[in-house]
$ cat start.pdb   # PDB, C-alpha atoms
ATOM      1  CA  MET A   1      85.472 181.478  -1.580  1.00  0.00           C
ATOM      2  CA  THR A   2      82.358 181.590   0.536  1.00  0.00           C
ATOM      3  CA  THR A   3      79.255 182.645  -1.343  1.00  0.00           C
ATOM      4  CA  THR A   4      76.459 184.752   0.085  1.00  0.00           C
ATOM      5  CA  THR A   5      74.145 181.777  -0.183  1.00  0.00           C
ATOM      6  CA  ASN A   6      76.605 179.520   1.599  1.00  0.00           C
ATOM      7  CA  ARG A   7      76.981 182.141   4.327  1.00  0.00           C
ATOM      8  CA  SER A   8      73.221 182.494   4.789  1.00  0.00           C
ATOM      9  CA  LEU A   9      72.863 178.699   4.749  1.00  0.00           C
ATOM     10  CA  THR A  10      75.579 178.355   7.374  1.00  0.00           C
ATOM     11  CA  SER A  11      73.874 181.035   9.457  1.00  0.00           C
ATOM     12  CA  THR A  12      70.684 178.948   9.484  1.00  0.00           C
ATOM     13  CA  ARG A  13      72.393 175.529   9.757  1.00  0.00           C
ATOM     14  CA  LYS A  14      74.247 176.372  12.981  1.00  0.00           C
ATOM     15  CA  PRO A  15      71.144 177.416  14.945  1.00  0.00           C
ATOM     16  CA  LEU A  16      69.339 174.344  13.574  1.00  0.00           C
ATOM     17  CA  LEU A  17      72.157 172.105  14.789  1.00  0.00           C
ATOM     18  CA  LEU A  18      72.217 173.809  18.200  1.00  0.00           C
ATOM     19  CA  TRP A  19      68.431 173.565  18.595  1.00  0.00           C
ATOM     20  CA  THR A  20      68.540 169.876  17.594  1.00  0.00           C
ATOM     21  CA  ILE A  21      71.305 169.048  20.082  1.00  0.00           C
ATOM     22  CA  SER A  22      69.548 171.049  22.814  1.00  0.00           C
ATOM     23  CA  TRP A  23      66.255 169.268  22.154  1.00  0.00           C
ATOM     24  CA  LEU A  24      67.881 165.816  22.233  1.00  0.00           C
ATOM     25  CA  LEU A  25      69.728 166.610  25.482  1.00  0.00           C
ATOM     26  CA  ILE A  26      66.667 168.098  27.181  1.00  0.00           C
ATOM     27  CA  LEU A  27      64.510 165.181  26.007  1.00  0.00           C
ATOM     28  CA  ALA A  28      67.007 162.605  27.265  1.00  0.00           C
ATOM     29  CA  GLY A  29      67.467 164.545  30.520  1.00  0.00           C
ATOM     30  CA  SER A  30      63.739 164.814  31.112  1.00  0.00           C
ATOM     31  CA  GLN A  31      63.226 161.126  30.452  1.00  0.00           C
ATOM     32  CA  TYR A  32      66.084 160.257  32.793  1.00  0.00           C
ATOM     33  CA  LEU A  33      64.737 162.526  35.557  1.00  0.00           C
ATOM     34  CA  LEU A  34      61.198 161.171  35.242  1.00  0.00           C
ATOM     35  CA  ASN A  35      62.436 157.561  35.274  1.00  0.00           C
ATOM     36  CA  THR A  36      64.861 157.918  38.186  1.00  0.00           C
ATOM     37  CA  GLN A  37      63.574 160.819  40.296  1.00  0.00           C
ATOM     38  CA  GLY A  38      59.885 160.666  39.406  1.00  0.00           C
ATOM     39  CA  ASP A  39      58.557 160.758  42.987  1.00  0.00           C
ATOM     40  CA  SER A  40      60.723 163.635  44.178  1.00  0.00           C
ATOM     41  CA  LEU A  41      59.961 165.761  41.125  1.00  0.00           C
ATOM     42  CA  GLN A  42      56.279 166.401  41.804  1.00  0.00           C
ATOM     43  CA  ALA A  43      56.703 170.172  42.179  1.00  0.00           C
ATOM     44  CA  ILE A  44      58.531 170.615  38.874  1.00  0.00           C
ATOM     45  CA  GLU A  45      57.147 167.605  37.027  1.00  0.00           C
ATOM     46  CA  TRP A  46      55.116 169.832  34.696  1.00  0.00           C
ATOM     47  CA  LEU A  47      58.288 171.755  33.788  1.00  0.00           C
ATOM     48  CA  VAL A  48      60.211 168.550  33.014  1.00  0.00           C
ATOM     49  CA  ILE A  49      57.338 167.435  30.786  1.00  0.00           C
ATOM     50  CA  ILE A  50      56.758 170.773  29.012  1.00  0.00           C
ATOM     51  CA  LEU A  51      60.387 171.886  28.535  1.00  0.00           C
ATOM     52  CA  PRO A  52      61.150 169.470  25.642  1.00  0.00           C
ATOM     53  CA  SER A  53      58.027 170.732  23.861  1.00  0.00           C
ATOM     54  CA  LEU A  54      59.150 174.359  24.201  1.00  0.00           C
ATOM     55  CA  ILE A  55      62.583 173.481  22.821  1.00  0.00           C
ATOM     56  CA  ALA A  56      60.864 171.526  20.007  1.00  0.00           C
ATOM     57  CA  ILE A  57      58.971 174.710  19.027  1.00  0.00           C
ATOM     58  CA  GLY A  58      62.312 176.531  18.752  1.00  0.00           C
ATOM     59  CA  LEU A  59      63.691 173.618  16.726  1.00  0.00           C
ATOM     60  CA  ALA A  60      60.706 173.746  14.363  1.00  0.00           C
ATOM     61  CA  LYS A  61      61.130 177.515  13.873  1.00  0.00           C
ATOM     62  CA  SER A  62      64.848 177.036  13.228  1.00  0.00           C
ATOM     63  CA  TYR A  63      64.129 174.299  10.652  1.00  0.00           C
ATOM     64  CA  TRP A  64      61.586 176.603   8.989  1.00  0.00           C
ATOM     65  CA  ASN A  65      64.229 179.367   8.780  1.00  0.00           C
ATOM     66  CA  TYR A  66      66.722 176.899   7.302  1.00  0.00           C
ATOM     67  CA  LEU A  67      64.246 175.809   4.608  1.00  0.00           C
ATOM     68  CA  SER A  68      63.403 179.451   3.833  1.00  0.00           C
ATOM     69  CA  GLN A  69      67.084 180.259   3.228  1.00  0.00           C
ATOM     70  CA  ALA A  70      67.943 177.024   1.405  1.00  0.00           C
ATOM     71  CA  ASP A  71      68.285 177.099  -2.364  1.00  0.00           C
ATOM     72  CA  GLU A  72      66.193 174.901  -4.631  1.00  0.00           C
ATOM     73  CA  LEU A  73      68.592 171.923  -4.680  1.00  0.00           C
ATOM     74  CA  ALA A  74      68.777 171.872  -0.870  1.00  0.00           C
ATOM     75  CA  ARG A  75      64.977 172.062  -0.706  1.00  0.00           C
ATOM     76  CA  ALA A  76      64.636 169.222  -3.227  1.00  0.00           C
ATOM     77  CA  ILE A  77      66.942 167.040  -1.120  1.00  0.00           C
ATOM     78  CA  GLU A  78      65.063 167.975   2.089  1.00  0.00           C
ATOM     79  CA  LEU A  79      61.743 167.140   0.424  1.00  0.00           C
ATOM     80  CA  LYS A  80      62.990 163.688  -0.598  1.00  0.00           C
ATOM     81  CA  ALA A  81      64.404 163.083   2.897  1.00  0.00           C
ATOM     82  CA  LEU A  82      61.105 164.079   4.537  1.00  0.00           C
ATOM     83  CA  ALA A  83      59.220 161.869   2.080  1.00  0.00           C
ATOM     84  CA  ALA A  84      61.543 158.954   2.893  1.00  0.00           C
ATOM     85  CA  ALA A  85      60.900 159.464   6.624  1.00  0.00           C
ATOM     86  CA  LEU A  86      57.129 159.645   6.116  1.00  0.00           C
ATOM     87  CA  ILE A  87      57.038 156.529   3.928  1.00  0.00           C
ATOM     88  CA  ALA A  88      59.219 154.647   6.422  1.00  0.00           C
ATOM     89  CA  GLY A  89      56.818 155.701   9.191  1.00  0.00           C
ATOM     90  CA  PHE A  90      53.813 154.469   7.224  1.00  0.00           C
ATOM     91  CA  ILE A  91      55.531 151.118   6.644  1.00  0.00           C
ATOM     92  CA  VAL A  92      56.856 150.561  10.173  1.00  0.00           C
ATOM     93  CA  TRP A  93      53.921 151.913  12.206  1.00  0.00           C
ATOM     94  CA  PRO A  94      51.414 149.134  11.274  1.00  0.00           C
ATOM     95  CA  VAL A  95      54.158 146.539  11.696  1.00  0.00           C
ATOM     96  CA  LYS A  96      54.739 147.815  15.245  1.00  0.00           C
ATOM     97  CA  VAL A  97      51.001 147.761  16.004  1.00  0.00           C
ATOM     98  CA  LEU A  98      50.695 144.183  14.695  1.00  0.00           C
ATOM     99  CA  ALA A  99      53.837 143.101  16.561  1.00  0.00           C
ATOM    100  CA  GLU A 100      52.422 144.517  19.819  1.00  0.00           C
ATOM    101  CA  GLN A 101      49.147 142.672  19.196  1.00  0.00           C
ATOM    102  CA  ALA A 102      51.196 139.506  18.698  1.00  0.00           C
ATOM    103  CA  GLY A 103      52.706 140.017  22.132  1.00  0.00           C
ATOM    104  CA  TRP A 104      55.980 141.769  21.322  1.00  0.00           C
ATOM    105  CA  SER A 105      56.910 144.489  23.787  1.00  0.00           C
ATOM    106  CA  PHE A 106      58.904 147.622  23.003  1.00  0.00           C
ATOM    107  CA  ASP A 107      58.899 148.980  26.575  1.00  0.00           C
ATOM    108  CA  GLY A 108      62.134 150.665  27.487  1.00  0.00           C
ATOM    109  CA  TRP A 109      63.030 151.256  23.847  1.00  0.00           C
ATOM    110  CA  PRO A 110      62.832 154.566  22.071  1.00  0.00           C
ATOM    111  CA  ASN A 111      59.732 154.416  19.867  1.00  0.00           C
ATOM    112  CA  PRO A 112      60.917 152.186  16.966  1.00  0.00           C
ATOM    113  CA  VAL A 113      58.722 154.101  14.488  1.00  0.00           C
ATOM    114  CA  VAL A 114      60.488 157.360  15.346  1.00  0.00           C
ATOM    115  CA  VAL A 115      63.897 155.668  15.228  1.00  0.00           C
ATOM    116  CA  VAL A 116      63.223 154.257  11.742  1.00  0.00           C
ATOM    117  CA  MET A 117      61.865 157.629  10.551  1.00  0.00           C
ATOM    118  CA  VAL A 118      64.933 159.508  11.811  1.00  0.00           C
ATOM    119  CA  ILE A 119      67.321 156.942  10.283  1.00  0.00           C
ATOM    120  CA  SER A 120      65.419 157.112   6.964  1.00  0.00           C
ATOM    121  CA  TYR A 121      65.488 160.928   6.970  1.00  0.00           C
ATOM    122  CA  LEU A 122      69.215 161.132   7.734  1.00  0.00           C
ATOM    123  CA  SER A 123      70.080 158.356   5.237  1.00  0.00           C
ATOM    124  CA  ALA A 124      68.084 160.078   2.487  1.00  0.00           C
ATOM    125  CA  LEU A 125      69.805 163.394   3.294  1.00  0.00           C
ATOM    126  CA  VAL A 126      73.274 161.846   3.064  1.00  0.00           C
ATOM    127  CA  LEU A 127      72.428 159.923  -0.125  1.00  0.00           C
ATOM    128  CA  GLY A 128      70.845 163.046  -1.630  1.00  0.00           C
ATOM    129  CA  TRP A 129      73.855 165.256  -1.000  1.00  0.00           C
ATOM    130  CA  ARG A 130      76.202 162.526  -2.266  1.00  0.00           C
ATOM    131  CA  ALA A 131      74.139 162.054  -5.435  1.00  0.00           C
ATOM    132  CA  TYR A 132      74.288 165.752  -6.311  1.00  0.00           C
ATOM    133  CA  ARG A 133      77.888 166.323  -5.204  1.00  0.00           C
TER     134      ARG A 133
ATOM    135  CA  MET B   1      69.391 167.607 -19.582  1.00  0.00           C
ATOM    136  CA  LYS B   2      72.627 168.717 -21.274  1.00  0.00           C
ATOM    137  CA  ASN B   3      73.870 172.281 -20.886  1.00  0.00           C
ATOM    138  CA  ARG B   4      76.782 174.552 -21.826  1.00  0.00           C
ATOM    139  CA  ILE B   5      77.228 176.212 -18.452  1.00  0.00           C
ATOM    140  CA  LYS B   6      80.743 174.865 -17.858  1.00  0.00           C
ATOM    141  CA  VAL B   7      81.947 176.176 -21.243  1.00  0.00           C
ATOM    142  CA  LEU B   8      80.200 179.539 -20.836  1.00  0.00           C
ATOM    143  CA  ARG B   9      81.603 179.896 -17.340  1.00  0.00           C
ATOM    144  CA  ALA B  10      85.122 179.104 -18.527  1.00  0.00           C
ATOM    145  CA  GLU B  11      84.823 181.628 -21.378  1.00  0.00           C
ATOM    146  CA  ARG B  12      84.007 184.308 -18.802  1.00  0.00           C
ATOM    147  CA  ASN B  13      86.667 183.142 -16.310  1.00  0.00           C
ATOM    148  CA  LEU B  14      84.052 182.539 -13.648  1.00  0.00           C
ATOM    149  CA  THR B  15      84.462 179.978 -10.892  1.00  0.00           C
ATOM    150  CA  GLN B  16      81.508 177.861  -9.766  1.00  0.00           C
ATOM    151  CA  ALA B  17      81.484 179.821  -6.518  1.00  0.00           C
ATOM    152  CA  GLN B  18      81.360 183.174  -8.341  1.00  0.00           C
ATOM    153  CA  LEU B  19      78.533 182.018 -10.589  1.00  0.00           C
ATOM    154  CA  ALA B  20      76.713 180.602  -7.568  1.00  0.00           C
ATOM    155  CA  GLU B  21      76.995 183.925  -5.756  1.00  0.00           C
ATOM    156  CA  ALA B  22      75.679 185.799  -8.794  1.00  0.00           C
ATOM    157  CA  LEU B  23      72.730 183.401  -9.006  1.00  0.00           C
ATOM    158  CA  GLY B  24      72.054 183.315  -5.258  1.00  0.00           C
ATOM    159  CA  VAL B  25      72.462 179.548  -4.997  1.00  0.00           C
ATOM    160  CA  SER B  26      75.096 177.269  -3.463  1.00  0.00           C
ATOM    161  CA  ARG B  27      78.201 176.099  -5.324  1.00  0.00           C
ATOM    162  CA  GLN B  28      76.902 172.537  -5.029  1.00  0.00           C
ATOM    163  CA  THR B  29      73.796 173.576  -6.944  1.00  0.00           C
ATOM    164  CA  VAL B  30      75.852 175.075  -9.782  1.00  0.00           C
ATOM    165  CA  ASN B  31      77.992 171.937  -9.883  1.00  0.00           C
ATOM    166  CA  ALA B  32      74.929 169.647  -9.927  1.00  0.00           C
ATOM    167  CA  ILE B  33      73.387 171.649 -12.795  1.00  0.00           C
ATOM    168  CA  GLU B  34      76.669 171.724 -14.750  1.00  0.00           C
ATOM    169  CA  THR B  35      77.118 167.972 -14.506  1.00  0.00           C
ATOM    170  CA  GLY B  36      73.503 167.370 -15.503  1.00  0.00           C
ATOM    171  CA  LYS B  37      72.621 165.736 -12.201  1.00  0.00           C
ATOM    172  CA  TYR B  38      70.027 168.379 -11.366  1.00  0.00           C
ATOM    173  CA  ASP B  39      67.666 170.250 -13.689  1.00  0.00           C
ATOM    174  CA  PRO B  40      67.098 173.816 -12.505  1.00  0.00           C
ATOM    175  CA  SER B  41      63.661 175.317 -12.043  1.00  0.00           C
ATOM    176  CA  LEU B  42      62.393 177.615 -14.802  1.00  0.00           C
ATOM    177  CA  PRO B  43      63.106 180.818 -12.789  1.00  0.00           C
ATOM    178  CA  LEU B  44      66.684 179.654 -12.118  1.00  0.00           C
ATOM    179  CA  ALA B  45      67.152 178.663 -15.781  1.00  0.00           C
ATOM    180  CA  PHE B  46      66.038 182.179 -16.805  1.00  0.00           C
ATOM    181  CA  GLN B  47      68.429 183.657 -14.258  1.00  0.00           C
ATOM    182  CA  ILE B  48      71.308 181.578 -15.659  1.00  0.00           C
ATOM    183  CA  ALA B  49      70.418 182.641 -19.201  1.00  0.00           C
ATOM    184  CA  ARG B  50      70.320 186.312 -18.163  1.00  0.00           C
ATOM    185  CA  GLN B  51      73.660 185.913 -16.417  1.00  0.00           C
ATOM    186  CA  PHE B  52      75.287 184.791 -19.676  1.00  0.00           C
ATOM    187  CA  GLY B  53      73.238 187.140 -21.877  1.00  0.00           C
ATOM    188  CA  LEU B  54      71.751 184.199 -23.791  1.00  0.00           C
ATOM    189  CA  THR B  55      68.404 182.468 -24.131  1.00  0.00           C
ATOM    190  CA  ILE B  56      67.526 179.289 -22.262  1.00  0.00           C
ATOM    191  CA  GLU B  57      67.590 177.340 -25.545  1.00  0.00           C
ATOM    192  CA  ASN B  58      71.175 178.503 -26.150  1.00  0.00           C
ATOM    193  CA  ILE B  59      72.276 177.022 -22.842  1.00  0.00           C
ATOM    194  CA  PHE B  60      70.083 173.994 -22.184  1.00  0.00           C
ATOM    195  CA  ASP B  61      69.474 171.100 -24.537  1.00  0.00           C
ATOM    196  CA  PRO B  62      66.649 168.700 -23.609  1.00  0.00           C
ATOM    197  CA  GLU B  63      68.421 166.013 -25.805  1.00  0.00           C
TER     198      GLU B  63
END
$ encode --input "start.pdb" --output "structure tokens"
Amino acid sequence: MTTTTNRSLTSTRKPLLLWTISWLLILAGSQYLLNTQGDSLQAIEWLVIILPSLIAIGLAKSYWNYLSQADELARAIELKALAAALIAGFIVWPVKVLAEQAGWSFDGWPNPVVVVMVISYLSALVLGWRAYR
Amino acid sequence: MKNRIKVLRAERNLTQAQLAEALGVSRQTVNAIETGKYDPSLPLAFQIARQFGLTIENIFDPE
């Protein structure tokens, strides 16, 4: 049986998932275009740069809607996941700065701080839902 | 925190999903509260008590 809450959660989860996928695709596409076609893109360069930000605004609004509809357990798990991501960021960011000062280069990589934050957030989400299952 | 929700629910022939719908939460939340893995907020505890026509103290035991 599908509950009203589950239905409303599903109705906010799907747009969130779609916005997230769209943002990742647009971001990857923009990066690819700027890296490979940079010189021939001058006329629409601003669009390629701004488009991911516009999609990110939609993603943020969708995430806000999801949190508004989520019940208190879902919010508690989200809060812990966001805290895990923030703490991971605080730990990894100075390490990255020090590593760069020591001569390490992260060029060509996705920002390692963001990668660690995303992995921490997703891991905490999965662990949270498993713990309360 | 221990609670009697599972027993009270069974006495009233309610499934977790039905209780969840009545409370406006997900089935996972009802399950987590029943098994003592998650302590509900005070408003939700009052809502649960009202649902069963009991007081919070009759349902939840802080041990």
$ closest_residue --input "start.pdb" --among "B:Asp61, B:Gly24, B:Ser41, B:Phe46" --to "Gln69 of chain A" --atoms "only C-alpha atoms"
B:Gly24
$ atom_distance --input "start.pdb" --atom1 "atom CA of Tyr66 of chain A" --atom2 "atom CA of Ser26 of chain B"
13.6 Å
$ closest_residue --input "start.pdb" --among "A:Ala56, A:Tyr32, A:Ile50, A:Asp39" --to "Trp19 of chain A" --atoms "all atoms listed in the file"
A:Ala56
$ atom_distance --input "start.pdb" --atom1 "atom CA of Leu127 of chain A" --atom2 "atom CA of Lys37 of chain B"
13.4 Å
$ resolve_selection --input "start.pdb" --expression "the PyMOL selection byres ((chain B and resi 32) around 12)" --output "JSON, numbers by chain"
{"A": [72, 73, 74, 128, 129, 130, 131, 132, 133], "B": [1, 2, 3, 5, 6, 16, 20, 25, 26, 27, 28, 29, 30, 31, 33, 34, 35, 36, 37, 38, 39, 40]}
$ write_last_selection --input "start.pdb" --atoms "C-alpha atoms" --output "PDB file, in the coordinates of the input"
ATOM      1  CA  GLU A  72      66.193 174.901  -4.631  1.00  0.00           C
ATOM      2  CA  LEU A  73      68.592 171.923  -4.680  1.00  0.00           C
ATOM      3  CA  ALA A  74      68.777 171.872  -0.870  1.00  0.00           C
ATOM      4  CA  GLY A 128      70.845 163.046  -1.630  1.00  0.00           C
ATOM      5  CA  TRP A 129      73.855 165.256  -1.000  1.00  0.00           C
ATOM      6  CA  ARG A 130      76.202 162.526  -2.266  1.00  0.00           C
ATOM      7  CA  ALA A 131      74.139 162.054  -5.435  1.00  0.00           C
ATOM      8  CA  TYR A 132      74.288 165.752  -6.311  1.00  0.00           C
ATOM      9  CA  ARG A 133      77.888 166.323  -5.204  1.00  0.00           C
TER      10      ARG A 133
ATOM     11  CA  MET B   1      69.391 167.607 -19.582  1.00  0.00           C
ATOM     12  CA  LYS B   2      72.627 168.717 -21.274  1.00  0.00           C
ATOM     13  CA  ASN B   3      73.870 172.281 -20.886  1.00  0.00           C
ATOM     14  CA  ILE B   5      77.228 176.212 -18.452  1.00  0.00           C
ATOM     15  CA  LYS B   6      80.743 174.865 -17.858  1.00  0.00           C
ATOM     16  CA  GLN B  16      81.508 177.861  -9.766  1.00  0.00           C
ATOM     17  CA  ALA B  20      76.713 180.602  -7.568  1.00  0.00           C
ATOM     18  CA  VAL B  25      72.462 179.548  -4.997  1.00  0.00           C
ATOM     19  CA  SER B  26      75.096 177.269  -3.463  1.00  0.00           C
ATOM     20  CA  ARG B  27      78.201 176.099  -5.324  1.00  0.00           C
ATOM     21  CA  GLN B  28      76.902 172.537  -5.029  1.00  0.00           C
ATOM     22  CA  THR B  29      73.796 173.576  -6.944  1.00  0.00           C
ATOM     23  CA  VAL B  30      75.852 175.075  -9.782  1.00  0.00           C
ATOM     24  CA  ASN B  31      77.992 171.937  -9.883  1.00  0.00           C
ATOM     25  CA  ILE B  33      73.387 171.649 -12.795  1.00  0.00           C
ATOM     26  CA  GLU B  34      76.669 171.724 -14.750  1.00  0.00           C
ATOM     27  CA  THR B  35      77.118 167.972 -14.506  1.00  0.00           C
ATOM     28  CA  GLY B  36      73.503 167.370 -15.503  1.00  0.00           C
ATOM     29  CA  LYS B  37      72.621 165.736 -12.201  1.00  0.00           C
ATOM     30  CA  TYR B  38      70.027 168.379 -11.366  1.00  0.00           C
ATOM     31  CA  ASP B  39      67.666 170.250 -13.689  1.00  0.00           C
ATOM     32  CA  PRO B  40      67.098 173.816 -12.505  1.00  0.00           C
TER      33      PRO B  40
END
$ axis_aligned_box --input "start.pdb" --around "segment 48-67 of chain A" --padding-each-side "3 Å" --output "lines of an AutoDock Vina configuration file"
center_x = 61.7
center_y = 173.4
center_z = 18.8
size_x = 16.0
size_y = 17.9
size_z = 34.4
$ residues_around --input "start.pdb" --residues "Ala83 of chain A" --least-positions-apart "2" --cutoff "12 Å" --atoms "all atoms listed in the file" --output "list in words"
Ala76, Ile77, Glu78, Leu79, Lys80, Ala81, Ala85, Leu86, Ile87, Ala88, Gly89, Phe90, Met117, Val118, Ser120, Tyr121, Leu122, Ser123, Ala124 and Leu125 of chain A
$ atom_distance --input "start.pdb" --atom1 "atom CA of Ser22 of chain A" --atom2 "atom CA of Leu51 of chain A"
10.8 Å
$ closest_residue --input "start.pdb" --among "A:Pro112, A:Ile91, A:Leu25, A:Asp71" --to "chain B" --atoms "only C-alpha atoms"
A:Asp71
$ residues_around --input "start.pdb" --residues "Asn58 of chain B" --least-positions-apart "6" --cutoff "10 Å" --atoms "all atoms listed in the file" --output "PDB file with C-alpha atoms, keeping the file's coordinate frame"
ATOM      1  CA  ASN B   3      73.870 172.281 -20.886  1.00  0.00           C
ATOM      2  CA  ARG B   4      76.782 174.552 -21.826  1.00  0.00           C
ATOM      3  CA  ALA B  49      70.418 182.641 -19.201  1.00  0.00           C
ATOM      4  CA  PHE B  52      75.287 184.791 -19.676  1.00  0.00           C
TER       5      PHE B  52
END
$ closest_residue --input "start.pdb" --among "B:Leu23, B:Val7, B:Ile56, B:Leu14" --to "chain A" --atoms "all atoms listed in the file"
B:Leu23
$ decode --input "start.pdb" --residues "segment 20-38 of chain A" --atoms "N, CA and C atoms" --output "mmCIF file, in the first residue's frame"
data_model
loop_
_atom_site.group_PDB
_atom_site.id
_atom_site.type_symbol
_atom_site.label_atom_id
_atom_site.label_comp_id
_atom_site.auth_asym_id
_atom_site.auth_seq_id
_atom_site.Cartn_x
_atom_site.Cartn_y
_atom_site.Cartn_z
ATOM 1 N N THR A 20 19.028 16.575 -10.760
ATOM 2 C CA THR A 20 20.420 16.196 -10.472
ATOM 3 C C THR A 20 21.090 15.635 -11.717
ATOM 4 N N ILE A 21 20.392 14.720 -12.406
ATOM 5 C CA ILE A 21 20.957 14.126 -13.626
ATOM 6 C C ILE A 21 21.180 15.210 -14.689
ATOM 7 N N SER A 22 20.172 16.096 -14.832
ATOM 8 C CA SER A 22 20.298 17.174 -15.825
ATOM 9 C C SER A 22 21.505 18.049 -15.519
ATOM 10 N N TRP A 23 21.656 18.399 -14.251
ATOM 11 C CA TRP A 23 22.769 19.275 -13.844
ATOM 12 C C TRP A 23 24.115 18.614 -14.138
ATOM 13 N N LEU A 24 24.221 17.308 -13.789
ATOM 14 C CA LEU A 24 25.486 16.601 -14.022
ATOM 15 C C LEU A 24 25.815 16.527 -15.519
ATOM 16 N N LEU A 25 24.771 16.248 -16.330
ATOM 17 C CA LEU A 25 24.986 16.148 -17.782
ATOM 18 C C LEU A 25 25.375 17.498 -18.373
ATOM 19 N N ILE A 26 24.650 18.547 -17.969
ATOM 20 C CA ILE A 26 24.941 19.883 -18.506
ATOM 21 C C ILE A 26 26.340 20.332 -18.075
ATOM 22 N N LEU A 27 26.673 20.033 -16.808
ATOM 23 C CA LEU A 27 27.996 20.420 -16.287
ATOM 24 C C LEU A 27 29.104 19.706 -17.057
ATOM 25 N N ALA A 28 28.925 18.401 -17.239
ATOM 26 C CA ALA A 28 29.929 17.615 -17.976
ATOM 27 C C ALA A 28 30.000 18.086 -19.422
ATOM 28 N N GLY A 29 28.835 18.347 -20.029
ATOM 29 C CA GLY A 29 28.787 18.813 -21.416
ATOM 30 C C GLY A 29 29.470 20.162 -21.579
ATOM 31 N N SER A 30 29.195 21.067 -20.658
ATOM 32 C CA SER A 30 29.800 22.392 -20.720
ATOM 33 C C SER A 30 31.313 22.308 -20.600
ATOM 34 N N GLN A 31 31.756 21.475 -19.648
ATOM 35 C CA GLN A 31 33.198 21.330 -19.443
ATOM 36 C C GLN A 31 33.858 20.752 -20.702
ATOM 37 N N TYR A 32 33.183 19.754 -21.278
ATOM 38 C CA TYR A 32 33.709 19.123 -22.488
ATOM 39 C C TYR A 32 33.805 20.145 -23.630
ATOM 40 N N LEU A 33 32.709 20.922 -23.813
ATOM 41 C CA LEU A 33 32.688 21.911 -24.894
ATOM 42 C C LEU A 33 33.779 22.966 -24.703
ATOM 43 N N LEU A 34 33.922 23.442 -23.467
ATOM 44 C CA LEU A 34 34.922 24.482 -23.205
ATOM 45 C C LEU A 34 36.343 23.950 -23.396
ATOM 46 N N ASN A 35 36.550 22.673 -23.049
ATOM 47 C CA ASN A 35 37.891 22.083 -23.184
ATOM 48 C C ASN A 35 38.243 21.751 -24.625
ATOM 49 N N THR A 36 37.242 21.334 -25.413
ATOM 50 C CA THR A 36 37.538 20.863 -26.773
ATOM 51 C C THR A 36 37.230 21.895 -27.857
ATOM 52 N N GLN A 37 36.171 22.699 -27.630
ATOM 53 C CA GLN A 37 35.757 23.645 -28.674
ATOM 54 C C GLN A 37 35.901 25.097 -28.211
ATOM 55 N N GLY A 38 36.699 25.308 -27.195
ATOM 56 C CA GLY A 38 36.789 26.625 -26.557
ATOM 57 C C GLY A 38 36.874 27.788 -27.530
#
